[in-house]
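Structure file data.cif (mmCIF, C-alpha atoms and all ligand atoms) is printed below.
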```
data_model
#
loop_
_atom_site.label_atom_id
_atom_site.label_comp_id
_atom_site.auth_asym_id
_atom_site.auth_seq_id
_atom_site.Cartn_x
_atom_site.Cartn_y
_atom_site.Cartn_z
CA MET V 1 114.56 120.64 96.11
CA LEU V 2 114.83 117.65 98.44
CA THR V 3 118.39 116.83 99.46
CA LEU V 4 119.51 113.89 101.56
CA ASP V 5 123.12 114.17 102.58
CA ASN V 6 124.83 111.04 103.92
CA VAL V 7 121.73 109.73 105.66
CA SER V 8 122.05 106.63 107.81
CA THR V 9 119.30 104.95 109.76
CA GLY V 10 118.12 101.52 110.85
CA TYR V 11 116.20 99.35 113.25
CA ASP V 12 117.56 98.54 116.71
CA ALA V 13 121.25 97.78 116.49
CA THR V 14 121.32 97.35 112.71
CA ASN V 15 121.78 100.13 110.21
CA VAL V 16 119.76 99.66 107.01
CA LEU V 17 120.69 102.85 105.17
CA HIS V 18 124.40 103.64 105.00
CA GLY V 19 125.23 107.22 104.03
CA VAL V 20 122.53 107.71 101.40
CA SER V 21 122.76 110.95 99.40
CA ILE V 22 120.05 111.74 96.86
CA THR V 23 118.29 114.79 95.47
CA ALA V 24 114.82 115.22 94.00
CA GLN V 25 114.46 118.34 91.86
CA PRO V 26 111.24 120.36 92.17
CA GLY V 27 108.59 119.21 89.73
CA GLU V 28 110.61 116.21 88.61
CA LEU V 29 109.82 112.51 88.86
CA THR V 30 112.62 110.65 90.63
CA VAL V 31 112.53 106.87 90.83
CA VAL V 32 114.32 104.64 93.34
CA LEU V 33 114.94 101.08 92.13
CA GLY V 34 116.22 98.24 94.25
CA ALA V 35 115.62 94.61 95.11
CA ASN V 36 113.31 93.60 97.96
CA GLY V 37 114.92 94.53 101.24
CA SER V 38 117.36 97.03 99.72
CA GLY V 39 115.91 99.78 101.91
CA LYS V 40 113.48 101.73 99.71
CA THR V 41 110.67 101.72 102.27
CA THR V 42 113.10 102.63 105.03
CA LEU V 43 114.39 105.52 102.90
CA PHE V 44 110.91 106.91 102.31
CA LYS V 45 109.88 106.52 105.96
CA THR V 46 113.02 108.39 106.95
CA ILE V 47 112.21 111.30 104.64
CA SER V 48 108.67 111.59 105.98
CA GLY V 49 109.79 111.49 109.61
CA LEU V 50 108.44 108.04 110.45
CA MET V 51 111.97 106.87 111.23
CA ARG V 52 114.65 108.77 113.08
CA VAL V 53 117.72 109.89 111.13
CA ARG V 54 120.81 108.48 112.87
CA ALA V 55 123.36 110.46 110.87
CA GLY V 56 123.32 112.92 108.00
CA SER V 57 120.79 115.56 107.07
CA ILE V 58 117.61 116.11 105.07
CA ASP V 59 116.78 119.49 103.57
CA TYR V 60 113.63 120.46 101.72
CA GLU V 61 113.35 123.87 100.08
CA GLY V 62 115.88 125.32 102.50
CA ARG V 63 114.37 123.75 105.64
CA GLN V 64 116.17 121.15 107.70
CA LEU V 65 113.77 118.24 108.16
CA HIS V 66 115.83 115.48 109.71
CA ARG V 67 114.64 116.30 113.23
CA ALA V 68 111.10 117.30 112.20
CA ARG V 69 107.95 115.42 113.13
CA PRO V 70 105.84 113.75 110.42
CA ASN V 71 103.07 116.38 110.60
CA ALA V 72 105.60 119.22 110.18
CA ILE V 73 107.02 117.40 107.16
CA VAL V 74 103.55 117.14 105.60
CA LYS V 75 103.09 120.86 106.26
CA ALA V 76 106.42 121.54 104.56
CA GLY V 77 104.88 120.02 101.42
CA ILE V 78 105.91 116.34 101.45
CA ALA V 79 103.13 113.75 101.32
CA HIS V 80 103.79 110.02 101.76
CA CYS V 81 101.61 107.36 100.17
CA PRO V 82 102.80 104.23 101.97
CA GLU V 83 103.40 100.75 100.63
CA GLY V 84 100.28 98.68 101.21
CA ARG V 85 97.90 101.67 101.04
CA HIS V 86 96.77 101.62 104.71
CA LEU V 87 93.21 102.75 104.06
CA PHE V 88 90.42 102.62 106.62
CA GLY V 89 88.44 99.85 104.96
CA LYS V 90 85.13 100.42 106.74
CA MET V 91 85.21 104.18 106.20
CA SER V 92 83.84 105.68 103.00
CA VAL V 93 86.10 106.61 100.11
CA GLU V 94 85.25 110.28 100.70
CA LYS V 95 86.19 110.12 104.41
CA ASN V 96 89.46 108.38 103.60
CA LEU V 97 90.29 111.10 101.08
CA ARG V 98 89.33 113.92 103.43
CA LEU V 99 91.57 112.51 106.17
CA GLY V 100 94.49 113.60 104.00
CA SER V 101 93.55 117.26 104.16
CA TYR V 102 94.34 117.79 107.85
CA PRO V 103 97.46 119.98 107.43
CA HIS V 104 95.61 122.92 105.93
CA ARG V 105 92.63 124.60 107.52
CA ASN V 106 91.64 126.49 104.40
CA SER V 107 88.34 124.82 103.55
CA SER V 108 87.95 126.34 100.09
CA ARG V 109 91.37 124.94 99.14
CA THR V 110 90.30 121.54 100.54
CA GLU V 111 87.22 121.54 98.30
CA GLU V 112 89.31 122.59 95.31
CA ILE V 113 91.77 119.73 95.82
CA TYR V 114 88.97 117.26 96.51
CA ALA V 115 87.44 118.19 93.14
CA GLU V 116 90.85 117.83 91.45
CA VAL V 117 91.33 114.36 92.94
CA LEU V 118 87.88 113.26 91.72
CA ASP V 119 88.66 114.69 88.27
CA MET V 120 91.85 112.68 88.19
CA PHE V 121 90.13 109.48 89.38
CA PRO V 122 86.50 109.78 88.16
CA ILE V 123 85.61 106.29 89.42
CA LEU V 124 86.10 107.58 92.98
CA LYS V 125 83.27 110.07 92.43
CA GLU V 126 80.93 107.14 91.78
CA LYS V 127 82.26 105.21 94.76
CA ALA V 128 82.56 108.16 97.17
CA LYS V 129 79.99 106.84 99.66
CA GLN V 130 81.12 103.21 99.55
CA PRO V 131 83.46 101.68 102.13
CA ALA V 132 87.03 101.91 100.82
CA GLY V 133 87.51 98.21 101.59
CA SER V 134 84.86 97.26 99.01
CA LEU V 135 86.88 98.72 96.11
CA SER V 136 89.21 96.79 93.80
CA GLY V 137 92.95 96.90 94.47
CA GLY V 138 93.57 99.47 91.74
CA GLN V 139 90.74 101.68 92.99
CA GLN V 140 92.06 101.45 96.56
CA GLN V 141 95.45 102.56 95.27
CA MET V 142 93.75 105.59 93.69
CA VAL V 143 92.21 106.40 97.09
CA ALA V 144 95.63 106.12 98.76
CA ILE V 145 97.23 108.42 96.17
CA GLY V 146 94.26 110.79 96.33
CA ARG V 147 94.48 110.95 100.13
CA ALA V 148 98.14 111.94 99.89
CA LEU V 149 97.28 114.60 97.30
CA MET V 150 94.66 116.06 99.67
CA SER V 151 97.48 117.55 101.76
CA ASP V 152 98.36 119.78 98.75
CA PRO V 153 101.96 118.56 98.48
CA SER V 154 104.76 119.91 96.32
CA LEU V 155 106.45 116.48 96.61
CA LEU V 156 104.57 113.18 96.62
CA ILE V 157 106.36 110.08 97.88
CA LEU V 158 104.89 106.89 96.41
CA ASP V 159 106.10 103.57 97.79
CA GLU V 160 105.42 100.78 95.28
CA PRO V 161 102.00 102.02 94.18
CA SER V 162 101.50 99.15 91.72
CA MET V 163 102.24 96.36 94.18
CA GLY V 164 99.88 93.41 93.80
CA LEU V 165 97.96 94.89 90.86
CA ALA V 166 97.24 93.28 87.49
CA PRO V 167 99.48 94.49 84.62
CA ILE V 168 96.76 96.55 82.94
CA ILE V 169 95.99 98.30 86.25
CA VAL V 170 99.71 98.87 86.87
CA GLU V 171 99.80 100.76 83.58
CA GLN V 172 96.86 102.92 84.64
CA VAL V 173 98.36 103.67 88.04
CA LEU V 174 101.71 104.69 86.51
CA GLU V 175 99.87 106.84 83.95
CA SER V 176 98.15 108.69 86.80
CA VAL V 177 101.51 109.13 88.51
CA ALA V 178 102.88 110.65 85.29
CA GLN V 179 99.81 112.91 85.09
CA ILE V 180 100.27 114.10 88.68
CA ASN V 181 103.86 114.95 87.78
CA ARG V 182 102.81 116.79 84.59
CA ASN V 183 100.48 118.83 86.82
CA GLY V 184 103.62 120.17 88.50
CA ILE V 185 103.94 117.99 91.60
CA GLY V 186 107.36 116.46 92.25
CA VAL V 187 107.25 112.68 92.70
CA LEU V 188 109.63 110.33 94.48
CA LEU V 189 108.66 106.81 93.43
CA SER V 190 109.76 103.31 94.26
CA GLU V 191 108.68 100.63 91.84
CA GLN V 192 109.14 96.98 90.99
CA ASN V 193 108.32 97.79 87.38
CA ALA V 194 111.70 99.28 86.58
CA LYS V 195 111.18 99.77 82.87
CA ALA V 196 107.75 101.39 83.10
CA SER V 197 108.81 103.66 85.95
CA LEU V 198 112.08 104.75 84.28
CA ALA V 199 110.01 105.56 81.18
CA ILE V 200 108.06 108.23 83.08
CA ALA V 201 110.92 109.41 85.34
CA HIS V 202 113.47 112.19 84.92
CA LYS V 203 116.09 110.73 87.20
CA GLY V 204 116.72 107.40 88.86
CA TYR V 205 118.72 105.87 91.68
CA VAL V 206 119.55 102.25 92.34
CA LEU V 207 119.68 101.23 95.99
CA ALA V 208 121.47 98.01 96.99
CA GLU V 209 121.84 96.90 100.60
CA GLY V 210 121.16 100.41 101.84
CA ARG V 211 123.66 102.17 99.58
CA ILE V 212 123.15 104.16 96.38
CA VAL V 213 125.08 102.25 93.72
CA LEU V 214 123.89 104.09 90.61
CA ALA V 215 122.48 107.55 89.93
CA ASP V 216 121.67 108.89 86.50
CA GLU V 217 119.15 110.39 84.12
CA ALA V 218 116.28 107.89 83.77
CA SER V 219 116.84 107.49 80.02
CA ARG V 220 120.48 106.61 80.61
CA LEU V 221 119.58 104.06 83.29
CA LEU V 222 117.24 102.39 80.78
CA ASP V 223 120.25 101.94 78.47
CA ASN V 224 122.62 100.87 81.25
CA PRO V 225 123.61 97.18 80.82
CA GLU V 226 123.95 96.71 84.60
CA VAL V 227 120.41 97.98 85.16
CA GLN V 228 119.11 95.99 82.21
CA ALA V 229 120.60 92.79 83.61
CA ALA V 230 119.49 93.34 87.20
CA TYR V 231 116.10 95.03 86.84
CA LEU V 232 114.84 94.97 83.28
CA GLY V 233 115.14 91.26 82.64
CA LEU V 234 117.16 91.86 79.47
P1 LIG A 1 110.51 95.82 99.84
O1 LIG A 1 110.55 96.08 98.39
O2 LIG A 1 110.45 94.35 100.18
O3 LIG A 1 109.52 96.62 100.61
P2 LIG A 1 112.56 97.65 100.63
O4 LIG A 1 113.61 97.94 99.63
O5 LIG A 1 111.46 98.65 100.78
O6 LIG A 1 111.96 96.23 100.37
P3 LIG A 1 112.91 97.86 103.47
O7 LIG A 1 111.49 97.45 103.75
O8 LIG A 1 113.27 99.26 103.67
O9 LIG A 1 113.32 97.44 101.98
O10 LIG A 1 113.86 96.93 104.33
C1 LIG A 1 115.26 97.09 104.37
C2 LIG A 1 115.87 96.18 105.44
O11 LIG A 1 115.40 96.57 106.72
C3 LIG A 1 115.53 94.71 105.29
O12 LIG A 1 116.68 93.98 105.58
C4 LIG A 1 114.47 94.47 106.32
O13 LIG A 1 114.53 93.16 106.78
C5 LIG A 1 114.84 95.46 107.40
N1 LIG A 1 113.65 95.92 108.14
C6 LIG A 1 112.55 96.51 107.58
N2 LIG A 1 111.65 96.83 108.53
C7 LIG A 1 112.18 96.42 109.72
C8 LIG A 1 111.74 96.50 111.08
N3 LIG A 1 110.57 97.04 111.42
N4 LIG A 1 112.59 96.00 112.02
C9 LIG A 1 113.77 95.46 111.70
N5 LIG A 1 114.25 95.38 110.43
C10 LIG A 1 113.48 95.85 109.46
#
```

Kindly transcribe the structure held in the file into C-alpha cells.
Amino acid sequence: MLTLDNVSTGYDATNVLHGVSITAQPGELTVVLGANGSGKTTLFKTISGLMRVRAGSIDYEGRQLHRARPNAIVKAGIAHCPEGRHLFGKMSVEKNLRLGSYPHRNSSRTEEIYAEVLDMFPILKEKAKQPAGSLSGGQQQMVAIGRALMSDPSLLILDEPSMGLAPIIVEQVLESVAQINRNGIGVLLSEQNAKASLAIAHKGYVLAEGRIVLADEASRLLDNPEVQAAYLGL
C-alpha cells in the first residue's frame, strides 16, 4: 500500500500541497481529480521523488520513501509516466521502451516484460524501429506507458495520459489503463476525463488548491452532486 500522511511541498517560498493524506491500495486503481493547477502533477512528482517533501511522510509497502531518490523509488516498485510523455523523439520506439528497464539487471525478465508490453500495444511491435517522434499522439502515449511498465512496477503513476488526444483515442488509452490494472498492477491516475476515469477506478480523490477535499469509492464519487457539478458537467 502507498500511504501519504500530511504531505506538504511546493516551489520556492510557496507551498502547493498542504497536508495531503491519501492511500492507494495494492492492485487497485486510484484516481486523483482536480482542476488545472490544483496540484496533481506536483503530488505525483513528490511521490516519485522528483520533488522534495517539506513535511509529512510517504510509505510504500512498509518502506519510508519521502527522503528516497527517484531511482530508489523506481526500485521499490513505483513507476511514473509523466504528463507530456517526455519521449526521446529521435530514438526508436524500442530504445525508448528499453530505457525504462534500467532498475533491474535481470535480462530474461526484461525480455519477458518487453514481450508483454508489445502484446498489450501490438502497434508498437510494427513501429519498434521507427523514431518515437514519428508516431501519432496516442501511439506515443502507449510508448510512454510501456516505458514505465518496463521497470516492472507494482504501482504505476499516470499523469493525465489522455491529454491532447482525440476522444476515440482517449477511450483506447483508458481501456489499456484498465487492462494494466486487471493484470494486477496498482494504478494512481490523474485525468481530465473525470467520468471515464471514475468508471474504471476503485477509489477517487478530489484535490483543490493543494488540499484533498473529497475521498470516496469511485462509484460514489460518480453519484456525488458536488463532483457531478464540478467535474462531470452535469
Ligand atoms: P495541470 O492539470 O494544469 O497539470 P496540476 O493539478 O497538475 O495542473 P500542478 O502542475 O501540480 O497542478 O501545479 C500546482 C501549482 O503549482 C500551480 O499553481 C502552479 O502554478 C504551481 N507550479 C507548478 N510548477 C511550478 C514550478 N516549477 N515553479 C513554481 N510553481 C509551479

For V:His66, list every protein, DNA or RNA residue within 10 Å, evaluated using all atoms listed in the file, and leave out those in the same chain fewer than 5 positions away; present the list as an mmCIF file with C-alpha atoms, keeping the file's coordinate frame.
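The resulting file, part-v4.cif, is shown below:
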```cif
data_model
loop_
_atom_site.group_PDB
_atom_site.id
_atom_site.type_symbol
_atom_site.label_atom_id
_atom_site.label_comp_id
_atom_site.auth_asym_id
_atom_site.auth_seq_id
_atom_site.Cartn_x
_atom_site.Cartn_y
_atom_site.Cartn_z
ATOM 1 C CA LEU V 4 119.510 113.890 101.560
ATOM 2 C CA VAL V 7 121.730 109.730 105.660
ATOM 3 C CA THR V 46 113.020 108.390 106.950
ATOM 4 C CA ILE V 47 112.210 111.300 104.640
ATOM 5 C CA SER V 48 108.670 111.590 105.980
ATOM 6 C CA GLY V 49 109.790 111.490 109.610
ATOM 7 C CA MET V 51 111.970 106.870 111.230
ATOM 8 C CA ARG V 52 114.650 108.770 113.080
ATOM 9 C CA VAL V 53 117.720 109.890 111.130
ATOM 10 C CA ARG V 54 120.810 108.480 112.870
ATOM 11 C CA ALA V 55 123.360 110.460 110.870
ATOM 12 C CA GLY V 56 123.320 112.920 108.000
ATOM 13 C CA SER V 57 120.790 115.560 107.070
ATOM 14 C CA ILE V 58 117.610 116.110 105.070
ATOM 15 C CA ASP V 59 116.780 119.490 103.570
ATOM 16 C CA TYR V 60 113.630 120.460 101.720
ATOM 17 C CA ILE V 73 107.020 117.400 107.160
#
```

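Those residues that approach V:Ala132 to within 12 Å, counting all atoms listed in the file, are Arg85, His86, Leu87, Phe88, Gly89, Lys90, Met91, Ser92, Val93, Glu94, Lys95, Asn96, Leu97, Leu124, Lys127, Ala128, Lys129, Leu135, Ser136, Gly137, Gly138, Gln139, Gln140, Gln141, Met142, Val143, Ala144 and Arg147 of chain V; same-chain residues fewer than 3 positions away are not listed.
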
With all atoms listed in the file counted and 10 Å as the cut-off, give the residues of chain V in contact with ligand LIG 1 (chain A), each with its shortest interatomic distance in Å and the pair that gives it, as a Markdown table.
```
| residue | atom | partner | partner_atom | distance |
| --- | --- | --- | --- | --- |
| V:Thr9 | CA | A:LIG1 | O11 | 9.7 |
| V:Gly10 | CA | A:LIG1 | O11 | 7.0 |
| V:Tyr11 | CA | A:LIG1 | C9 | 4.8 |
| V:Asp12 | CA | A:LIG1 | C9 | 7.0 |
| V:Ala13 | CA | A:LIG1 | C9 | 9.2 |
| V:Thr14 | CA | A:LIG1 | N5 | 7.7 |
| V:Asn15 | CA | A:LIG1 | O11 | 8.1 |
| V:Val16 | CA | A:LIG1 | O11 | 5.4 |
| V:Leu17 | CA | A:LIG1 | C1 | 8.0 |
| V:Val32 | CA | A:LIG1 | O4 | 9.2 |
| V:Leu33 | CA | A:LIG1 | O4 | 8.2 |
| V:Gly34 | CA | A:LIG1 | O4 | 6.0 |
| V:Ala35 | CA | A:LIG1 | O4 | 6.0 |
| V:Asn36 | CA | A:LIG1 | O2 | 3.7 |
| V:Gly37 | CA | A:LIG1 | O9 | 3.4 |
| V:Ser38 | CA | A:LIG1 | O4 | 3.9 |
| V:Gly39 | CA | A:LIG1 | O8 | 3.2 |
| V:Lys40 | CA | A:LIG1 | O4 | 3.8 |
| V:Thr41 | CA | A:LIG1 | O5 | 3.5 |
| V:Thr42 | CA | A:LIG1 | O8 | 3.6 |
| V:Leu43 | CA | A:LIG1 | O8 | 6.4 |
| V:Phe44 | CA | A:LIG1 | O8 | 8.1 |
| V:Lys45 | CA | A:LIG1 | O8 | 8.3 |
| V:Thr46 | CA | A:LIG1 | O8 | 9.7 |
| V:Met51 | CA | A:LIG1 | N3 | 9.9 |
| V:Glu83 | CA | A:LIG1 | O3 | 7.4 |
| V:Gly84 | CA | A:LIG1 | O3 | 9.5 |
| V:Asp159 | CA | A:LIG1 | O5 | 7.9 |
| V:Glu160 | CA | A:LIG1 | O1 | 7.6 |
| V:Met163 | CA | A:LIG1 | O1 | 9.3 |
| V:Ser190 | CA | A:LIG1 | O5 | 8.2 |
| V:Glu191 | CA | A:LIG1 | O1 | 8.2 |
| V:Gln192 | CA | A:LIG1 | O1 | 7.6 |
| V:Leu207 | CA | A:LIG1 | O4 | 7.8 |
| V:Ala208 | CA | A:LIG1 | O4 | 8.3 |
| V:Glu209 | CA | A:LIG1 | C1 | 7.6 |
| V:Gly210 | CA | A:LIG1 | C1 | 7.2 |
```

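Minimum distance to V:Glu217 across V:Ile113, V:Ile200, V:Leu118, V:Ala229 (counting all atoms listed in the file) occurs at V:Ile200.
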
- Have a look at atom CA of V:His202 and atom CA of V:Gly27 and let me know their distance in Å, one decimal. 9.8 Å
